[in-house]
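Asks: To be precise about what I am sending: the file is called model26.csv and holds CSV, C-alpha atoms and all ligand atoms.
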chain,number,residue,atom,x,y,z
A,203,MET,CA,0.1,0.7,-24.8
A,204,THR,CA,-1.6,4.0,-25.9
A,205,HIS,CA,-4.8,5.1,-24.3
A,206,VAL,CA,-6.8,8.2,-24.2
A,207,THR,CA,-6.4,9.4,-20.6
A,208,ALA,CA,-9.6,10.9,-19.3
A,209,VAL,CA,-9.5,13.2,-16.2
A,210,LEU,CA,-12.8,13.2,-14.3
A,211,ARG,CA,-13.6,15.9,-11.8
A,212,THR,CA,-15.4,15.2,-8.5
A,213,ASP,CA,-16.2,18.7,-7.3
A,214,GLU,CA,-20.0,18.4,-7.8
A,215,PRO,CA,-22.1,15.5,-6.8
A,216,PRO,CA,-23.2,14.3,-10.3
A,217,LEU,CA,-19.6,14.5,-11.5
A,218,MET,CA,-18.4,12.6,-8.4
A,219,HIS,CA,-20.9,9.9,-9.0
A,220,GLN,CA,-19.9,9.5,-12.7
A,221,ALA,CA,-16.2,9.5,-11.8
A,222,VAL,CA,-16.6,6.9,-9.1
A,223,GLU,CA,-18.8,4.7,-11.3
A,224,GLU,CA,-16.3,4.8,-14.2
A,225,ALA,CA,-13.3,4.1,-11.8
A,226,VAL,CA,-15.1,1.0,-10.4
A,227,ARG,CA,-16.1,-0.2,-13.9
A,228,LEU,CA,-12.5,-0.1,-15.0
A,229,LEU,CA,-11.2,-1.7,-11.8
A,230,LYS,CA,-13.7,-4.5,-12.3
A,231,GLU,CA,-12.4,-5.0,-15.8
A,232,GLY,CA,-8.9,-5.5,-14.4
A,233,GLU,CA,-7.6,-2.1,-15.4
A,234,VAL,CA,-5.6,0.5,-13.5
A,235,VAL,CA,-7.0,3.8,-12.4
A,236,ALA,CA,-5.3,6.9,-10.9
A,237,LEU,CA,-7.0,7.9,-7.7
A,238,PRO,CA,-6.5,10.6,-5.2
A,239,THR,CA,-5.5,9.8,-1.7
A,240,GLU,CA,-4.8,12.1,1.3
A,241,THR,CA,-1.0,11.6,0.8
A,242,VAL,CA,-0.3,11.6,-3.0
A,243,TYR,CA,-2.2,10.3,-6.0
A,244,GLY,CA,-2.0,6.5,-6.4
A,245,LEU,CA,-2.2,4.2,-9.4
A,246,ALA,CA,-4.7,1.6,-8.3
A,247,ALA,CA,-5.6,-1.9,-9.4
A,248,ASN,CA,-7.3,-5.0,-7.9
A,249,ALA,CA,-4.6,-6.2,-5.4
A,250,LEU,CA,-5.8,-9.8,-5.6
A,251,ASP,CA,-5.5,-10.0,-9.4
A,252,PRO,CA,-1.9,-10.5,-10.6
A,253,ALA,CA,-2.7,-9.5,-14.2
A,254,ALA,CA,-4.3,-6.2,-13.1
A,255,VAL,CA,-1.3,-5.5,-10.8
A,256,THR,CA,1.1,-6.2,-13.6
A,257,LYS,CA,-0.4,-3.3,-15.5
A,258,ILE,CA,0.6,-1.0,-12.6
A,259,PHE,CA,4.2,-2.0,-13.1
A,260,GLU,CA,4.0,-1.5,-16.8
A,261,ALA,CA,2.4,1.9,-16.7
A,262,LYS,CA,4.9,3.2,-14.2
A,263,GLU,CA,7.9,1.3,-15.7
A,264,ARG,CA,8.5,0.1,-12.2
A,265,PRO,CA,10.9,-2.8,-11.6
A,266,THR,CA,9.1,-5.8,-10.1
A,267,PHE,CA,11.5,-5.9,-7.1
A,268,ASP,CA,9.7,-2.8,-5.7
A,269,PRO,CA,6.6,-3.9,-3.7
A,270,LEU,CA,3.3,-2.1,-3.6
A,271,ILE,CA,1.1,-0.8,-0.8
A,272,VAL,CA,-2.3,-2.6,-0.4
A,273,HIS,CA,-5.2,-0.3,0.5
A,274,LEU,CA,-8.2,-1.8,2.4
A,275,PRO,CA,-11.8,-0.7,2.1
A,276,HIS,CA,-12.1,-0.6,5.9
A,277,LYS,CA,-9.8,-0.9,8.9
A,278,ASN,CA,-11.6,-4.0,10.2
A,279,GLN,CA,-10.5,-5.9,7.1
A,280,LEU,CA,-6.8,-6.2,7.9
A,281,ASP,CA,-7.0,-10.0,8.2
A,282,LEU,CA,-8.1,-10.3,4.6
A,283,VAL,CA,-4.5,-9.7,3.5
A,284,ALA,CA,-2.3,-10.0,6.7
A,285,ASP,CA,-1.6,-12.5,9.5
A,286,VAL,CA,-1.2,-10.3,12.5
A,287,PRO,CA,1.3,-12.0,14.9
A,288,ALA,CA,-0.3,-12.5,18.4
A,289,ASP,CA,2.6,-10.7,20.1
A,290,ILE,CA,2.0,-7.4,18.3
A,291,ALA,CA,-1.8,-7.7,17.9
A,292,GLN,CA,-2.5,-5.2,20.6
A,293,THR,CA,-0.1,-2.6,19.2
A,294,VAL,CA,-1.5,-3.1,15.7
A,295,LYS,CA,-5.0,-2.7,17.1
A,296,GLN,CA,-4.1,0.6,18.9
A,297,LEU,CA,-2.3,2.0,15.9
A,298,THR,CA,-5.0,1.2,13.4
A,299,GLU,CA,-7.7,2.6,15.7
A,300,ARG,CA,-5.7,5.8,16.1
A,301,PHE,CA,-4.3,6.3,12.6
A,302,TRP,CA,-6.7,4.6,10.1
A,303,PRO,CA,-8.0,5.8,7.9
A,304,GLY,CA,-4.9,7.9,7.4
A,305,PRO,CA,-1.3,8.1,6.2
A,306,LEU,CA,0.2,5.2,8.2
A,307,THR,CA,1.3,2.0,6.4
A,308,LEU,CA,2.1,-1.2,8.4
A,309,LEU,CA,4.4,-4.0,7.3
A,310,LEU,CA,2.9,-7.3,8.3
A,311,PRO,CA,3.2,-11.0,7.4
A,312,LYS,CA,1.2,-11.5,4.2
A,313,LYS,CA,-1.6,-14.0,3.6
A,314,ALA,CA,-1.3,-16.4,0.7
A,315,VAL,CA,-4.1,-14.6,-1.2
A,316,VAL,CA,-1.9,-11.6,-1.8
A,317,PRO,CA,-0.1,-12.3,-5.1
A,318,ASP,CA,3.7,-12.4,-5.0
A,319,ILE,CA,3.9,-9.6,-7.6
A,320,VAL,CA,2.3,-7.2,-5.1
A,321,THR,CA,5.0,-7.9,-2.4
A,322,ALA,CA,7.9,-8.5,-4.8
A,323,GLY,CA,8.1,-12.0,-3.4
A,324,LEU,CA,8.5,-10.7,0.2
A,325,PRO,CA,6.8,-12.5,3.1
A,326,THR,CA,5.4,-9.2,4.3
A,327,VAL,CA,2.7,-6.9,2.9
A,328,ALA,CA,2.4,-3.1,3.3
A,329,VAL,CA,-1.1,-2.2,4.3
A,330,ARG,CA,-3.0,1.0,4.8
A,331,VAL,CA,-6.5,2.6,4.7
A,332,SER,CA,-6.9,5.9,2.9
A,333,SER,CA,-9.0,8.7,4.4
A,334,ASN,CA,-9.6,10.5,1.0
A,335,ALA,CA,-13.4,10.7,0.5
A,336,VAL,CA,-13.2,10.0,-3.2
A,337,PHE,CA,-10.8,7.1,-2.7
A,338,ARG,CA,-13.1,5.7,0.0
A,339,LYS,CA,-16.1,5.9,-2.3
A,340,VAL,CA,-14.3,4.0,-5.0
A,341,ILE,CA,-12.8,1.3,-2.8
A,342,SER,CA,-16.1,0.8,-0.9
A,343,ALA,CA,-18.0,0.3,-4.1
A,344,PHE,CA,-15.3,-2.0,-5.5
A,345,ASP,CA,-15.2,-3.8,-2.2
A,346,GLN,CA,-11.7,-5.4,-2.7
A,347,PRO,CA,-8.2,-4.4,-1.6
A,348,LEU,CA,-6.5,-2.0,-4.0
A,349,ALA,CA,-2.7,-2.1,-4.7
A,350,ALA,CA,-1.6,1.5,-5.3
A,351,PRO,CA,1.8,2.9,-5.6
A,352,SER,CA,2.3,6.6,-6.2
A,353,ALA,CA,1.0,7.5,-9.7
A,354,ASN,CA,4.3,8.6,-11.2
A,355,ARG,CA,6.9,7.0,-13.5
A,356,PHE,CA,9.4,5.0,-11.5
A,357,GLY,CA,12.0,7.1,-9.7
A,358,SER,CA,10.2,10.4,-10.5
A,359,ILE,CA,8.4,12.9,-8.3
A,360,SER,CA,5.2,11.8,-6.6
A,361,PRO,CA,2.1,13.5,-8.0
A,362,THR,CA,0.0,15.7,-5.7
A,363,SER,CA,-2.6,16.8,-8.3
A,364,ALA,CA,-4.4,15.3,-11.2
A,365,GLY,CA,-2.4,17.5,-13.6
A,366,ALA,CA,0.8,16.1,-12.2
A,367,VAL,CA,-0.5,12.5,-12.8
A,368,LEU,CA,-1.3,13.5,-16.3
A,369,SER,CA,2.2,14.8,-17.0
A,370,GLU,CA,3.6,11.4,-15.7
A,371,LEU,CA,1.1,8.9,-17.2
A,372,ASP,CA,-0.7,10.6,-20.1
A,373,GLY,CA,-1.5,7.9,-22.7
A,374,ARG,CA,-0.5,5.1,-20.4
A,375,ILE,CA,-3.8,4.8,-18.4
A,376,HIS,CA,-7.5,5.2,-19.1
A,377,LEU,CA,-8.6,7.3,-16.2
A,378,ILE,CA,-7.4,9.9,-13.6
A,379,VAL,CA,-10.0,10.8,-10.9
A,380,ASP,CA,-9.4,14.4,-9.8
A,381,SER,CA,-10.1,15.5,-6.3
A,382,GLY,CA,-7.8,18.5,-6.2
A,383,ALA,CA,-4.5,18.9,-4.3
A,384,SER,CA,-3.4,16.1,-1.9
A,385,LEU,CA,-4.1,16.9,1.7
A,386,TYR,CA,-0.7,16.0,3.1
A,387,GLY,CA,1.5,16.1,-0.1
A,388,LEU,CA,3.9,13.4,1.2
A,389,GLU,CA,3.6,9.6,1.0
A,390,SER,CA,2.4,7.6,4.0
A,391,THR,CA,4.8,6.8,6.9
A,392,ILE,CA,5.8,3.1,6.7
A,393,ILE,CA,6.5,1.2,9.9
A,394,LYS,CA,7.3,-2.3,11.1
A,395,ILE,CA,6.4,-3.4,14.6
A,396,GLU,CA,8.3,-5.8,16.8
A,397,PRO,CA,7.2,-7.1,20.2
A,398,GLY,CA,8.8,-6.0,23.5
A,399,PRO,CA,9.7,-6.6,26.2
A,400,PRO,CA,9.7,-4.2,27.7
A,401,LYS,CA,7.9,-2.1,25.0
A,402,PRO,CA,6.9,-2.8,21.4
A,403,VAL,CA,9.4,-1.4,19.0
A,404,ILE,CA,8.1,0.7,16.1
A,405,THR,CA,10.6,1.2,13.3
A,406,ILE,CA,10.0,3.9,10.8
A,407,ILE,CA,11.1,2.6,7.4
A,408,ARG,CA,9.9,5.5,5.3
A,409,PRO,CA,9.2,8.9,7.1
A,410,GLY,CA,6.0,10.7,6.3
A,411,PRO,CA,3.0,12.6,7.7
A,412,VAL,CA,2.8,10.4,10.9
A,413,THR,CA,5.9,11.5,12.8
A,414,PRO,CA,8.0,9.8,15.5
A,415,ASP,CA,6.3,12.1,18.0
A,416,ASP,CA,2.9,10.8,16.9
A,417,LEU,CA,4.0,7.2,17.4
A,418,LYS,CA,5.8,7.4,20.7
A,419,ALA,CA,2.8,6.7,22.8
A,420,TYR,CA,2.6,3.2,21.2
A,421,GLY,CA,6.1,1.9,21.7
A,422,LYS,CA,9.8,2.7,21.4
A,423,VAL,CA,10.2,4.5,18.1
A,424,LYS,CA,13.3,3.9,15.9
A,425,VAL,CA,14.0,5.7,12.7
A,426,ALA,CA,15.7,3.3,10.3
A,427,ILE,CA,15.8,5.4,7.2
A,428,ARG,CA,18.6,3.8,5.2
A,429,SER,CA,21.5,6.1,4.7
A,430,VAL,CA,21.4,7.2,1.2
A,431,ILE,CA,25.0,6.1,0.7
A,432,ASP,CA,25.1,2.6,2.1
A,433,GLY,CA,23.4,-0.3,3.7
A,434,PRO,CA,20.8,-2.7,2.2
A,435,ALA,CA,17.4,-1.3,1.8
A,436,GLU,CA,15.0,-2.3,4.5
A,437,SER,CA,12.3,-1.2,2.2
A,438,PRO,CA,13.2,-2.2,-1.4
A,439,GLY,CA,11.7,0.9,-3.0
A,440,GLN,CA,13.8,3.2,-0.8
A,441,LEU,CA,16.5,3.5,-3.4
A,442,ALA,CA,18.9,6.4,-3.2
A,443,SER,CA,17.7,7.9,-6.5
A,444,HIS,CA,14.0,8.0,-5.6
A,445,TYR,CA,12.0,11.2,-5.9
A,446,ALA,CA,14.5,12.8,-8.2
A,447,PRO,CA,13.7,15.6,-10.6
A,448,ARG,CA,15.4,15.4,-14.0
A,449,THR,CA,17.3,18.6,-13.2
A,450,PRO,CA,20.3,18.1,-11.0
A,451,LEU,CA,19.4,19.0,-7.4
A,452,ARG,CA,21.7,20.0,-4.6
A,453,LEU,CA,20.7,20.2,-1.0
A,454,LEU,CA,22.8,22.9,0.7
A,455,GLU,CA,23.5,22.2,4.4
A,456,GLN,CA,24.5,25.8,4.8
A,457,PRO,CA,24.7,28.9,2.5
A,458,SER,CA,28.5,29.0,2.5
A,459,ASP,CA,28.5,25.6,0.7
A,460,PHE,CA,27.4,27.3,-2.6
A,461,ILE,CA,29.8,28.8,-5.1
A,462,PRO,CA,27.9,29.6,-8.3
A,463,GLU,CA,29.6,28.8,-11.6
A,464,PRO,CA,29.6,31.6,-14.2
A,465,GLY,CA,27.1,31.1,-16.9
A,466,LYS,CA,25.0,28.5,-15.1
A,467,ARG,CA,21.3,29.1,-14.3
A,468,TYR,CA,20.1,28.2,-10.9
A,469,ALA,CA,16.7,28.0,-9.2
A,470,LEU,CA,16.2,28.1,-5.4
A,471,MET,CA,13.8,26.0,-3.4
A,472,SER,CA,13.6,28.1,-0.3
A,473,TYR,CA,11.9,27.2,2.9
A,474,ARG,CA,10.3,30.4,3.9
A,475,GLY,CA,12.0,33.0,1.7
A,476,GLU,CA,13.5,35.0,4.6
A,477,GLU,CA,16.5,37.1,3.9
A,478,GLN,CA,18.0,36.2,7.3
A,479,ASP,CA,18.2,32.5,6.3
A,480,GLY,CA,21.1,33.6,4.0
A,481,TYR,CA,20.2,31.9,0.7
A,482,LEU,CA,18.3,34.6,-1.2
A,483,HIS,CA,21.4,36.6,-2.2
A,484,LEU,CA,23.8,33.8,-3.0
A,485,THR,CA,23.3,34.4,-6.7
A,486,ASP,CA,21.1,35.9,-9.3
A,487,TRP,CA,18.5,33.1,-9.1
A,488,GLU,CA,16.5,32.3,-12.3
A,489,GLU,CA,13.6,31.5,-10.0
A,490,VAL,CA,12.9,31.3,-6.2
A,491,MET,CA,10.0,29.2,-5.0
A,492,MET,CA,9.1,29.1,-1.3
A,493,LEU,CA,7.7,26.0,0.5
A,494,SER,CA,6.1,28.0,3.3
A,495,PRO,CA,6.2,31.7,2.4
A,496,GLY,CA,7.1,33.8,5.4
A,497,LYS,CA,5.9,31.3,7.9
A,498,GLY,CA,8.2,28.3,8.0
A,499,LYS,CA,5.5,25.8,8.8
A,500,LEU,CA,6.5,22.2,8.0
A,501,PRO,CA,3.0,20.8,7.2
A,502,GLU,CA,2.4,23.7,4.7
A,503,ALA,CA,5.8,23.0,3.2
A,504,ALA,CA,4.9,19.3,2.8
A,505,VAL,CA,1.7,20.1,0.9
A,506,ARG,CA,3.7,22.2,-1.6
A,507,PHE,CA,6.9,20.1,-1.6
A,508,PHE,CA,6.4,17.8,-4.6
A,509,HIS,CA,4.4,20.5,-6.5
A,510,ILE,CA,7.2,23.0,-6.2
A,511,LEU,CA,9.9,20.5,-7.0
A,512,ARG,CA,8.0,19.6,-10.2
A,513,ARG,CA,7.6,23.2,-11.2
A,514,LEU,CA,11.3,24.0,-10.6
A,515,ASP,CA,12.1,20.9,-12.7
A,516,GLU,CA,10.1,22.3,-15.6
A,517,LEU,CA,12.2,25.5,-15.8
A,518,GLY,CA,15.1,23.9,-17.6
A,519,VAL,CA,17.7,25.5,-15.3
A,520,ASP,CA,21.2,23.9,-14.8
A,521,GLU,CA,20.7,23.1,-11.2
A,522,ILE,CA,18.1,23.3,-8.4
A,523,ILE,CA,19.5,24.4,-5.1
A,524,ALA,CA,17.4,23.4,-2.0
A,525,GLU,CA,17.6,25.0,1.4
A,526,PRO,CA,17.6,22.5,4.3
A,527,LEU,CA,14.5,22.2,6.5
A,528,HIS,CA,14.2,21.6,10.2
A,529,GLU,CA,14.6,17.9,10.7
A,530,HIS,CA,11.7,17.1,12.9
A,531,GLY,CA,8.0,16.3,12.2
A,532,MET,CA,7.3,16.3,8.5
A,533,GLY,CA,10.7,17.8,7.9
A,534,ILE,CA,12.3,14.4,8.4
A,535,ALA,CA,10.5,13.0,5.3
A,536,MET,CA,11.3,16.1,3.2
A,537,MET,CA,15.0,16.1,4.1
A,538,ASP,CA,15.1,12.4,3.4
A,539,LYS,CA,13.7,13.0,-0.1
A,540,LEU,CA,16.0,15.9,-0.8
A,541,ARG,CA,19.0,13.9,0.2
A,542,ARG,CA,18.0,11.0,-2.1
A,543,ALA,CA,17.3,13.4,-4.9
A,544,SER,CA,20.6,15.2,-4.5
A,545,VAL,CA,22.7,12.0,-4.4
A,546,ARG,CA,21.8,10.9,-8.0
A,547,HIS,CA,23.4,14.1,-9.4
A,548,ALA,CA,26.3,14.4,-6.9
A,549,PRO,CA,29.3,15.8,-8.8
B,1,LIG,O1,1.0,7.4,0.7
B,1,LIG,C1,1.3,6.3,0.1
B,1,LIG,O2,1.9,5.4,0.7
B,1,LIG,C2,1.1,6.3,-1.4
B,1,LIG,C3,-0.4,6.3,-1.6
B,1,LIG,C4,-0.8,6.1,-3.1
B,1,LIG,O3,-1.0,5.3,-0.8
B,1,LIG,N1,1.7,5.1,-2.0
B,1,LIG,C5,3.0,5.0,-2.1
B,1,LIG,O4,3.4,3.8,-2.8
B,1,LIG,O5,3.8,5.8,-1.7
B,1,LIG,P1,4.9,3.6,-3.4
B,1,LIG,O6,4.8,2.4,-4.2
B,1,LIG,O7,5.3,4.8,-4.2
B,1,LIG,O8,5.8,3.3,-2.2
B,1,LIG,C6,5.6,2.1,-1.6
B,1,LIG,C7,6.8,1.7,-0.9
B,1,LIG,C8,7.7,0.8,-1.8
B,1,LIG,O9,8.6,1.5,-2.6
B,1,LIG,C9,8.5,0.1,-0.7
B,1,LIG,O10,9.6,0.9,-0.3
B,1,LIG,C10,7.5,0.0,0.4
B,1,LIG,O11,6.5,0.8,0.1
B,1,LIG,N2,7.0,-1.4,0.6
B,1,LIG,C11,5.9,-1.9,0.1
B,1,LIG,N3,5.7,-3.2,0.4
B,1,LIG,C12,6.8,-3.5,1.2
B,1,LIG,C13,7.2,-4.6,1.9
B,1,LIG,N4,6.5,-5.8,1.9
B,1,LIG,N5,8.4,-4.6,2.6
B,1,LIG,C14,9.1,-3.4,2.7
B,1,LIG,N6,8.7,-2.3,2.0
B,1,LIG,C15,7.6,-2.3,1.3
B,2,MG,MG,6.4,6.2,-5.0
Could you write out this file's structure as C-alpha cells?

Replies:
Amino acid sequence: MTHVTAVLRTDEPPLMHQAVEEAVRLLKEGEVVALPTETVYGLAANALDPAAVTKIFEAKERPTFDPLIVHLPHKNQLDLVADVPADIAQTVKQLTERFWPGPLTLLLPKKAVVPDIVTAGLPTVAVRVSSNAVFRKVISAFDQPLAAPSANRFGSISPTSAGAVLSELDGRIHLIVDSGASLYGLESTIIKIEPGPPKPVITIIRPGPVTPDDLKAYGKVKVAIRSVIDGPAESPGQLASHYAPRTPLRLLEQPSDFIPEPGKRYALMSYRGEEQDGYLHLTDWEEVMMLSPGKGKLPEAAVRFFHILRRLDELGVDEIIAEPLHEHGMGIAMMDKLRRASVRHAP
C-alpha cells in the first residue's frame, strides 16, 4: 500500500474548489481521504461501504474492535443511520438543535444499513455533524454519511494540521485536504443518553470541547470516563494507552513529585509558563513549551495541545514532563489524555 500523498490547500476559492472535487472523486471511488474537521483531522470514507471503511482500518493500522464515528451531511438526516428511541427523542432533538453542526457525538441504536465494521459489531452507532466549512462542502457534494476516525496511526497523537496528518499517514493515503489548524484541537465529546425519570441522564463517555456545564441544561450529566487503570471500556477505543507520544510522558500532579535523574534529558509541557506554578526551575529543561503562554486559558491550551505534544515528541528527549491543568471545561479532556499517555510509560 504505497501511494503518493497529495496535500491540497483550500485557502483560495479555486484551490478550495479543486480540493473538494478531488476529495469527492476519491470518496466515490471507495477511497479514503483525510479531511479537516473543527475538532481534529479525520480519515474519511463512505460509511455505508464496508470495503471503503476497511481501508480506514488498514491505513491507520487500527484494530477492528475500535468503532468509528459516522458524520452526517446534515443534522436532519439522523434517521439515515440511527433509530432514535422514543423515550429520548426529545432530548436528542434538543441536543442536536443546540450542538450540531459541532463537536458533540451521540451514541444511538444503529440502523441495519450501517455496516458492522463501522460499529465494531456493536448495536450502537456514534454520530455527529461537523461544522468545518471544507468538510461540509465535501460531505454535501458526496451526499452520504462519512465514517471518519482521527487521521493518525492507531494509538498515536491526533492530528490538528495537514502537516501532522502527513507525518502520520504519508504514503498510506492519496489525499489530505488542508484547511489550516483545527478550531478546537480536541476530539468531539461523546455522550450516551438514557431516559428519566425524573430527568434524562447524559453520560459523557469521552470528554471534549462540549463540557459538562454545556450539557447540564439538557439532563443530569454524568462523567463516566473509565479510570485508566481498571474497568471495562464503555467506549472501546478509550484504551489506556491512547493519545500517547513515543517519548515517555509523565503527568506531574505537583512539582515536588519530580526528581530528575542525572544525565537524562527532559522537556516540559507547561500550562502557562508562570514561575509561580513551580515547574520552570525543577531542572535544566531541554525545552519548555507552553499551552497557553502567560494566560492560562483552557480553550487556547486545547487548540495547541496535540500540536505541542507532537513537537515535544520529536525532540528525542528521554522524558516529557507535563504540568497538570485545571480539571474543568476543556481541561477535563486534556487531563484524561495526559493520564492515558502517562500510564503506558509508567515505571
Ligand atoms: O472529533 C472527533 O470525534 C474526530 C473527528 C474526525 O470527527 N473523530 C474521532 O474518531 O475522534 P476516533 O475514531 O479517533 O474516535 C472515535 C471513538 C472510538 O475510539 C470509540 O471510543 C468511540 O468513538 N465510539 C465509536 N463508536 C462507538 C460505539 N458504537 N460505542 C462506543 N464508543 C464508540
Ligand atoms: Mg482517535

Asks: Residues at most 8 Å from Val226 (chain A), counting all atoms listed in the file, excluding those fewer than 5 positions away in the same chain, as a PDB file with C-alpha atoms, keeping the file's coordinate frame?

Replies:
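Below is the file out05.pdb, written as the result:
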ATOM      1  CA  VAL A 340     -14.300   4.000  -5.000  1.00  0.00           C
ATOM      2  CA  ILE A 341     -12.800   1.300  -2.800  1.00  0.00           C
ATOM      3  CA  ALA A 343     -18.000   0.300  -4.100  1.00  0.00           C
ATOM      4  CA  PHE A 344     -15.300  -2.000  -5.500  1.00  0.00           C
TER       5      PHE A 344
END

Asks: All residues within 7 Å of ligand MG 2 (chain B) are required, counting all atoms listed in the file; please report them as a list in words.

Replies: Pro351, Ser352, Asn354 and Ser360 of chain A

Asks: So, with all atoms listed in the file as the atoms that count, which of A:Gln478, A:Ser369, A:Ser358, A:Gln220 lies closest to Lys539 (chain A)?

Replies: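 Smallest distance to Lys539 (chain A) is found for A:Ser358.
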
Asks: So, counting only C-alpha atoms, which residue among A:Ser494, A:Thr362, A:Asn248, A:Thr449 is closest to Gln346 (chain A)?

Replies: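 When distances to Gln346 (chain A) are compared using only C-alpha atoms, the smallest one comes from A:Asn248.
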
Asks: For a quick check of understanding, using all atoms listed in the file, which of A:Arg330, A:Lys424, A:Lys277, A:Arg474 has the smallest distance to Ala349 (chain A)?

Replies: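 Among A:Arg330, A:Lys424, A:Lys277, A:Arg474, it is A:Arg330 that comes nearest to Ala349 (chain A).
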
Asks: Would you kindly return, as an mmCIF file with C-alpha atoms, in the coordinates of the input, each protein, DNA or RNA residue with an atom no farther than 9 Å from any atom of Leu454 (chain A), considering all atoms listed in the file and excluding same-chain residues fewer than 5 positions away?

Replies:
data_model
loop_
_atom_site.group_PDB
_atom_site.id
_atom_site.type_symbol
_atom_site.label_atom_id
_atom_site.label_comp_id
_atom_site.auth_asym_id
_atom_site.auth_seq_id
_atom_site.Cartn_x
_atom_site.Cartn_y
_atom_site.Cartn_z
ATOM 1 C CA ASP A 459 28.500 25.600 0.700
ATOM 2 C CA PHE A 460 27.400 27.300 -2.600
ATOM 3 C CA ILE A 523 19.500 24.400 -5.100
ATOM 4 C CA ALA A 524 17.400 23.400 -2.000
ATOM 5 C CA GLU A 525 17.600 25.000 1.400
ATOM 6 C CA PRO A 526 17.600 22.500 4.300
#

Asks: Could you give me, as a PyMOL selection string, the residues within 8 Å of Thr212 (chain A), counting only C-alpha atoms and dropping anything in the same chain fewer than 3 positions from it?

Replies: chain A and resi 215+217-219+221+336+379-381

Asks: What does the distance between CA of Ile359 (chain A) and CA of Leu470 (chain A) come to in Å, to one decimal place?

Replies: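 Pair CA of Ile359 (chain A) / CA of Leu470 (chain A) returns 17.3 Å.
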
Asks: Which one is closest to ligand LIG 1 (chain B): A:Ala366, A:Leu527, A:Val209, A:Val331? Count only C-alpha atoms and all ligand atoms.

Replies: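 Nearest candidate to ligand LIG 1 (chain B) out of A:Ala366, A:Leu527, A:Val209, A:Val331: A:Val331.
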